[in-house]
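Worksheet: one structure, shown below.
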Amino acid sequence: MELLMIDHKYGWVIEKKIERIKIGIQFSKKQLIIESKKLNGDEHALAKIDTIDGLIAIIHYDEIDYFVHVKSKIVFCTPYLNGDTKGSINLNIDLKHSRFKSVKTKYSYYIIDSMSNLSFEIDKSIFEISHKTYVIQASRINEEPFVYLTIKYSNYISFLEYTVNTKKISMKTLNYSTLRNNDLKIGFKSANQLILKAGDIKETIKIKTLLEKKHLRLSDSFKEKLTFPVFFSVGKRLYVIIQNEVNNNIYVKFNTRTNLLFRYADYNFIEKPRSIVIHGKIEYKENPNVTHLMTNKGVILGKLNWKNETEFSVKVSKKNLSDLTDIHNTLQFTKGSELIHFMKRYNKNPTKGIVKKTFINKNKATIIRLNMVNNISVSNVPKLPIYTKSHMLKINLAYKLSNIIKPILKQENINLYFEKEASRALESSKYVFEEVMNRPNIQSSNKFILDKNSGQYNDMKNKWKNNIIKRFSFKHYIYIFLAKNFISSELSSHVISGRLFNDKLNHKIKNTPLYFLQHGIMFAKPVDNPMAAGFHKKNMVNNVVKNVISSDLEAKEFYKMGYDDSDLMKTGLPKLDGAILNNNADKITYMPTWRYWEEAEILNGNIKDTTYFQSFVEIIYEFEKAGLIDKLQITAHNKFAEYIEEHMSEYKHLLCHDPTDALLNSKIFITDYSSIIYDAIYRGTFPIFYWKDSDYLIKNYKAIPPVNERNAPGAIVKSAEGLVDTVNKAIENNYSIPKEYINKYRKINEFHDNKNTDRVIEVLVENNVL
């Protein structure tokens with residue numbers, strides 16, 4: 001069961017699972033519960049609620065779309081759009097020319113073009129704010145109208161229109177709202193012709209002209225009918241009708257919400273034992289009279305109390321903030337539950353800091369902060385010592401002491417090495433660090449940051465003594481402020497944590513030069529997916545000086561991201577210098593790439609409802625059925641491993657918590673788009689690319705991975721049954737890797753001489769780092 005759409009005007013998602021979706025209703029204690037077992041191709045009533053008719057949500061299940069909507073104060077979940085049932089959505093289809101006709105289907109209507117013999121069924125896209133072309137290079141005769149039909153429902157309207165410039169016939173869908181301005185009515189002649197009505201006064205304007213000119217004069221007759229300003233929205237755009245203070249003329253205006261609304265906006269956050277009180281000052285150009293604070297996911301956090309025209313306060317429960325299910329939540333102001341604008345800081349004076357307030361609640365740290373576009377966001381991340389008040393004091397003291405120490409150290413290079421979350425010593429950072437420490441002619445100071453709970457901490461501490469610095473120690477904080485360079489297989493924030501919300505530390509960390517060793521060859525997941533945008537050179541907030549690459553083919557991925565050869569060091573991954581396969585290796589490891597879009601479900605304990613979880617369960621059952629369960633090994637997100645241990649204990653022996661251990665003992669390695677498979681091939685492990693979910697993954701990556709059926713250096717499988725067959729064939733062939741796979745691999749990783757670390761150190765010496 002997949003939630004395709006929800007209108008926050010009506011509600012928000014409380015719970016989203018495969019078998020159940022729970023929706024909260026705005027300004028009501030009622031909840032809607034949609035269960036997959038009840039979605040059998042028919043409709044059912046969910047609840048009675050006191051609100052206007054309209055579409056709440058769209059849910060897809062078993063190849064059918066279901067529409068959750070209010071009809072005469074009853075909420076129905078229905079697949080019907082044709083009006084044939086009590087709970088059907090009733091579409092008002094107005095045919096304006098005989099060229100097109102409508103024919104009812106089981107659930108909806110076919111629209112048939114008699115000239116081209118093309119037809120299409122009205123479906124969920126009728127509620128998507130978009131233009132969808134149905135006839136290309138359309139033929140038409142002169143007396144035909146440009147609008148062939150309209151479809152109306154609630155605040156949605158669609159036009160089947162002919163566009164002269166493109167010669168296309170398209171369905172153009174809009175939604176609109178008067179934002180509780182009861183005196184204003186909105187109508188349309190076409191997707192571009194907007195009708196503004198107040199009483200018996202109406203005027204038609206062209207939206208395209210308004211977007212270009214930013215303002216258009218309206219009839220003076222509106223003065224008697226409206227109280228200004230009057231806000232309304234069409235699609236995602238906000239408009240306002242005003243009376244000009246100088247000449248008293250009436251205008252309709254458009255601009256970005258920031259330019260349309262703000263003269264000034266800033267906020268203070270005061271922490272109370274159980275709440276955060278926000279004091280704000282907003283000077284509007286035109287006051288939209290916002291009433292509530294809401295998250296971008298539709299959760300209303302509090303009602304605004306206005307002291308005067310510009311000053312307000314709102315009290316927000318700490319529990320409500322920490323209970324937000326998404327990791328990052330942008331705050332916004334609403335009129336009722338309808339969005340007016342984001343909670344934006346609009347102030348020419350420099351901000352005193354990005355982080356506005358931090359507090360701990362159970363196992364979460366909640367951070368109220370400015371995001372990159374100056375909107376206020378709430379982030380819920382795992383609890384770490386740095387977010388406690390005692391550690392904040394330590395960080396501030398370390399900052400002050402470092403400023404005293406720096407002049408004493410003068411030009412000494414202090415280099416910090418670390419790996420993922422500073423919690424391990426298994427990757428390229430360790431190899432480079434230890435080789436540097438073994439070279440007596442090195443003049444710089446080199447320190448490795450490592451968590452005391454790491455499995456490698458004691459060995460590293462015994463071997464390298466004071467050159468190993470304990471994570472979250474006072475010494476750790478001082479050395480961050482003193483560091484001249486970072487040398488790491490992760491990006492800079494991992495010197496403490498993957499996500500870091502502390503202004504002093506962030507400022508220093510982002511400005512410290514980073515020699516990025518990479519933790520894998522970047523030739524698996526697509527670099528042009530939206531989640532990778534922060535790694536593109538133009539967006540990079542870390543001071544990355546050099547990136548390790550392993551081939552000219554991999555270099556092309558960096559070129560896509562705006563890097564050039566001066567940003568790269570083609571040395572190969574240092575960690576591969578020590579890569580071996582145990583003589584007694586006999587495991588078949590399954591390790592799919594992490595599906596980052598499911599991270600919030602993990603954080604909130606809903607691991608069972610993720611496709612990531614389902615993929616593991618399917619593999620376990622298939623291997624059990626095939627008699628291969630004793631050879632199977634699974635390496636997964638730690639939360640998934642915890643779930644297996646607690647709820648599927650009969651399979652906990654399959655777990656291998658450390659990917660490095662998995663690489664040591666695996667004769668076959670299976671993944672979808674994880675670069676770890678290239679490490680496995682280097683060791684001589686038989687590689688399998690399991691792409692059963694490739695369409696789903698590509699859809700969520702929103703980009704095409706570079707590894708494909710032409711260049712993948714391994715067997716490609718697209719079904720669980722085919723995976724078992726491929727595994728059995730590999731076993732029969734004594735795990736021999738075909739020459740074809742090796743040749744493809746050599747293009748992805750050109751180095752196999754075990755001298756990658758030496759090449760990296762040569763670059764560091766050339767750059768005066770060591």
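By convention in this document, the chains of the structure tokens carry letters A, B, ... by their order, each chain's residues are numbered from 1, and ligands are numbered from 1 in the order they are shown.
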
Running DSSP on the backbone, which parts of region 452-636 of chain A land in alpha helix (DSSP H), as number ranges by chain? A: 457-464, 474-482, 503-511, 552-560, 599-603, 611-625

Could you take the residues named above and write them with C-alpha atoms, as a CSV table (one decimal), in the first residue's frame?
```csv
chain,number,residue,atom,x,y,z
A,457,TYR,CA,40.1,1.1,19.9
A,458,ASN,CA,42.3,-0.9,22.3
A,459,ASP,CA,44.6,-2.3,19.7
A,460,MET,CA,45.0,1.1,18.1
A,461,LYS,CA,45.6,2.8,21.5
A,462,ASN,CA,48.2,0.3,22.6
A,463,LYS,CA,50.0,0.6,19.3
A,464,TRP,CA,49.9,4.4,18.7
A,474,PHE,CA,37.9,17.3,25.6
A,475,LYS,CA,41.1,16.6,23.6
A,476,HIS,CA,39.0,15.6,20.6
A,477,TYR,CA,37.3,19.0,20.6
A,478,ILE,CA,40.6,20.9,21.0
A,479,TYR,CA,42.2,19.0,18.2
A,480,ILE,CA,39.4,19.7,15.8
A,481,PHE,CA,39.9,23.5,16.4
A,482,LEU,CA,43.7,23.1,15.9
A,503,ASP,CA,27.9,26.3,15.1
A,504,LYS,CA,31.5,26.5,16.3
A,505,LEU,CA,32.4,23.0,15.3
A,506,ASN,CA,30.6,23.2,12.0
A,507,HIS,CA,32.3,26.4,11.0
A,508,LYS,CA,35.8,24.9,11.8
A,509,ILE,CA,35.1,21.6,10.2
A,510,LYS,CA,33.7,22.9,7.0
A,511,ASN,CA,36.7,25.2,6.5
A,552,ASP,CA,39.5,7.2,-15.7
A,553,LEU,CA,36.0,5.7,-15.8
A,554,GLU,CA,35.4,6.8,-12.2
A,555,ALA,CA,36.8,10.2,-13.0
A,556,LYS,CA,33.9,10.7,-15.4
A,557,GLU,CA,31.5,10.5,-12.5
A,558,PHE,CA,33.4,13.3,-10.8
A,559,TYR,CA,33.3,15.4,-14.0
A,560,LYS,CA,29.5,15.1,-13.9
A,599,GLU,CA,15.6,6.3,7.0
A,600,ALA,CA,12.8,8.1,8.8
A,601,GLU,CA,11.0,4.7,9.1
A,602,ILE,CA,14.1,3.2,10.6
A,603,LEU,CA,14.5,6.1,13.1
A,611,THR,CA,11.3,-2.4,1.2
A,612,TYR,CA,14.8,-2.8,2.6
A,613,PHE,CA,13.5,-5.2,5.3
A,614,GLN,CA,11.4,-7.0,2.7
A,615,SER,CA,14.3,-7.7,0.5
A,616,PHE,CA,16.2,-9.4,3.3
A,617,VAL,CA,13.2,-11.5,4.3
A,618,GLU,CA,12.7,-12.7,0.8
A,619,ILE,CA,16.3,-13.7,0.4
A,620,ILE,CA,16.3,-15.5,3.7
A,621,TYR,CA,13.2,-17.6,2.7
A,622,GLU,CA,14.5,-18.3,-0.8
A,623,PHE,CA,17.9,-19.5,0.5
A,624,GLU,CA,16.1,-21.6,3.2
A,625,LYS,CA,13.9,-23.2,0.5
```

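Among the candidates A:Pro706, A:Gly11, A:Pro79, A:Gly520, the one nearest to Gly41 (chain A) when counting only C-alpha atoms is A:Pro79.
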
List the spatial neighbours of region 90-100 of chain A as a PyMOL selection string - criterion: any atom at most 7 Å away, only C-alpha atoms, same-chain residues fewer than 2 positions off excluded. chain A and resi 81-83+88+102+111-115+148-153

For Ala703 (chain A), which of A:Ala524, A:Leu46, A:Ala579, A:Met540 is the closest residue, counting only C-alpha atoms?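 Looking at the shortest contact to Ala703 (chain A), the residue is A:Ala524.
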
Name all residues at most 10 Å from Ile449 (chain A) (count only C-alpha atoms; drop same-chain ones fewer than 5 positions away) and give them as a PyMOL selection string. chain A and resi 416-419+421-425+457+467-473+476+479-480+494-496

What's the separation between CA of Lys484 (chain A) and CA of Ser445 (chain A), in Å to one decimal place?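 CA of Lys484 (chain A) sits 9.8 Å away from CA of Ser445 (chain A).
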
From the list A:Leu764, A:Ile241, A:Val290, A:Ala715, which residue is nearest Lys197 (chain A) when using only C-alpha atoms?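 Smallest separation from Lys197 (chain A) among the options: A:Ile241.
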
Could you pull out the residues in region 636-738 of chain A that DSSP calls strand (DSSP E or B) from the backbone, as number ranges by chain? A: 655, 666-671, 686-690, 715-717

Determine, counting only C-alpha atoms, which protein, DNA and RNA residues have an atom within 7 Å of an atom of region 670-680 of chain A; residues of the same chain fewer than 3 positions away are not included. Present the result as a ChimeraX atom specification. /A:520-525,589-593,663,683-685,687-691

Output for the residues just chosen: N, CA and C atoms as a PDB file, in the first residue's frame:
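Final output, saved to out-v8.pdb:
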```
ATOM      1  N   GLY A 520      34.632   3.872  -0.992  1.00  0.00           N
ATOM      2  CA  GLY A 520      34.348   2.933  -2.065  1.00  0.00           C
ATOM      3  C   GLY A 520      34.516   3.620  -3.405  1.00  0.00           C
ATOM      4  N   ILE A 521      34.593   2.826  -4.455  1.00  0.00           N
ATOM      5  CA  ILE A 521      34.721   3.378  -5.799  1.00  0.00           C
ATOM      6  C   ILE A 521      33.385   3.968  -6.213  1.00  0.00           C
ATOM      7  N   MET A 522      33.400   5.201  -6.672  1.00  0.00           N
ATOM      8  CA  MET A 522      32.152   5.891  -7.000  1.00  0.00           C
ATOM      9  C   MET A 522      31.706   5.525  -8.410  1.00  0.00           C
ATOM     10  N   PHE A 523      31.203   4.296  -8.516  1.00  0.00           N
ATOM     11  CA  PHE A 523      30.696   3.844  -9.807  1.00  0.00           C
ATOM     12  C   PHE A 523      29.578   2.831  -9.557  1.00  0.00           C
ATOM     13  N   ALA A 524      28.645   3.211  -8.693  1.00  0.00           N
ATOM     14  CA  ALA A 524      27.532   2.327  -8.377  1.00  0.00           C
ATOM     15  C   ALA A 524      26.232   3.133  -8.353  1.00  0.00           C
ATOM     16  N   LYS A 525      25.949   3.812  -7.231  1.00  0.00           N
ATOM     17  CA  LYS A 525      24.754   4.674  -7.171  1.00  0.00           C
ATOM     18  C   LYS A 525      24.983   5.901  -8.050  1.00  0.00           C
ATOM     19  N   THR A 589      27.268 -13.648   0.881  1.00  0.00           N
ATOM     20  CA  THR A 589      26.825 -12.443   1.582  1.00  0.00           C
ATOM     21  C   THR A 589      25.860 -11.637   0.734  1.00  0.00           C
ATOM     22  N   TYR A 590      24.781 -11.231   1.386  1.00  0.00           N
ATOM     23  CA  TYR A 590      23.818 -10.317   0.753  1.00  0.00           C
ATOM     24  C   TYR A 590      23.875  -8.984   1.480  1.00  0.00           C
ATOM     25  N   MET A 591      24.217  -7.926   0.733  1.00  0.00           N
ATOM     26  CA  MET A 591      24.309  -6.588   1.321  1.00  0.00           C
ATOM     27  C   MET A 591      23.800  -5.562   0.315  1.00  0.00           C
ATOM     28  N   PRO A 592      22.507  -5.273   0.336  1.00  0.00           N
ATOM     29  CA  PRO A 592      21.985  -4.246  -0.569  1.00  0.00           C
ATOM     30  C   PRO A 592      22.388  -2.861  -0.098  1.00  0.00           C
ATOM     31  N   THR A 593      22.349  -1.909  -1.010  1.00  0.00           N
ATOM     32  CA  THR A 593      22.659  -0.534  -0.632  1.00  0.00           C
ATOM     33  C   THR A 593      21.554   0.014   0.261  1.00  0.00           C
ATOM     34  N   LEU A 663      33.564  -9.175   3.930  1.00  0.00           N
ATOM     35  CA  LEU A 663      34.471  -9.238   2.787  1.00  0.00           C
ATOM     36  C   LEU A 663      35.540 -10.315   2.976  1.00  0.00           C
ATOM     37  N   ARG A 683      39.221  -8.977  -4.016  1.00  0.00           N
ATOM     38  CA  ARG A 683      39.688 -10.080  -3.174  1.00  0.00           C
ATOM     39  C   ARG A 683      39.526 -11.436  -3.852  1.00  0.00           C
ATOM     40  N   GLY A 684      38.807 -11.480  -4.965  1.00  0.00           N
ATOM     41  CA  GLY A 684      38.579 -12.741  -5.662  1.00  0.00           C
ATOM     42  C   GLY A 684      37.227 -13.356  -5.383  1.00  0.00           C
ATOM     43  N   THR A 685      36.299 -12.577  -4.836  1.00  0.00           N
ATOM     44  CA  THR A 685      34.957 -13.067  -4.519  1.00  0.00           C
ATOM     45  C   THR A 685      34.061 -12.973  -5.753  1.00  0.00           C
ATOM     46  N   PRO A 687      31.067 -12.029  -7.908  1.00  0.00           N
ATOM     47  CA  PRO A 687      30.124 -10.912  -7.746  1.00  0.00           C
ATOM     48  C   PRO A 687      28.782 -11.157  -8.434  1.00  0.00           C
ATOM     49  N   ILE A 688      27.690 -10.775  -7.723  1.00  0.00           N
ATOM     50  CA  ILE A 688      26.352 -10.853  -8.309  1.00  0.00           C
ATOM     51  C   ILE A 688      25.634  -9.526  -8.067  1.00  0.00           C
ATOM     52  N   PHE A 689      25.112  -8.953  -9.134  1.00  0.00           N
ATOM     53  CA  PHE A 689      24.286  -7.748  -9.044  1.00  0.00           C
ATOM     54  C   PHE A 689      22.827  -8.198  -9.069  1.00  0.00           C
ATOM     55  N   TYR A 690      22.142  -8.036  -7.941  1.00  0.00           N
ATOM     56  CA  TYR A 690      20.755  -8.487  -7.808  1.00  0.00           C
ATOM     57  C   TYR A 690      19.844  -7.289  -8.023  1.00  0.00           C
ATOM     58  N   TRP A 691      19.232  -7.232  -9.212  1.00  0.00           N
ATOM     59  CA  TRP A 691      18.490  -6.050  -9.636  1.00  0.00           C
ATOM     60  C   TRP A 691      16.990  -6.301  -9.754  1.00  0.00           C
TER      61      TRP A 691
END
```

Pick out the residues sitting within 8 Å of Thr571 (chain A), and hand them over as a PyMOL selection string; count only C-alpha atoms, and ignore anything fewer than 5 positions along from it in its own chain. chain A and resi 548-550+751+756-757+759-760

Could you tell me how far CA of Gly298 (chain A) sits from CA of Cys77 (chain A), in Å to one decimal place?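 Computing the Euclidean distance for CA of Cys77 (chain A) and CA of Gly298 (chain A) yields 20.3 Å.
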
Could you list, as a list in words, every residue within 8 Å of region 246-258 of chain A, counting only C-alpha atoms and ignoring same-chain residues fewer than 6 positions away?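 Those residues are Leu210, Leu211, Lys214, His215, Leu216, Arg217, Leu218, Ser219, Asp220, Phe222, Lys223, Arg237, Leu238, Tyr239, Val240 and His341 of chain A.
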
Please determine, counting only C-alpha atoms, which residue among A:Glu490, A:Asn259, A:Ala585, A:Glu212 has the shortest atom-to-atom distance to Asp661 (chain A).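 Residue with the minimum atom-to-atom distance to Asp661 (chain A): A:Ala585.
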
Considering only C-alpha atoms, can you say which of A:Tyr346, A:Tyr431, A:Phe359, A:Phe127 comes closest to Leu174 (chain A)?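 Under the stated criterion, the closest residue is A:Phe127.
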
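Coordinates place CA of Phe516 (chain A) at a distance of 24.8 Å from CA of Ser402 (chain A).
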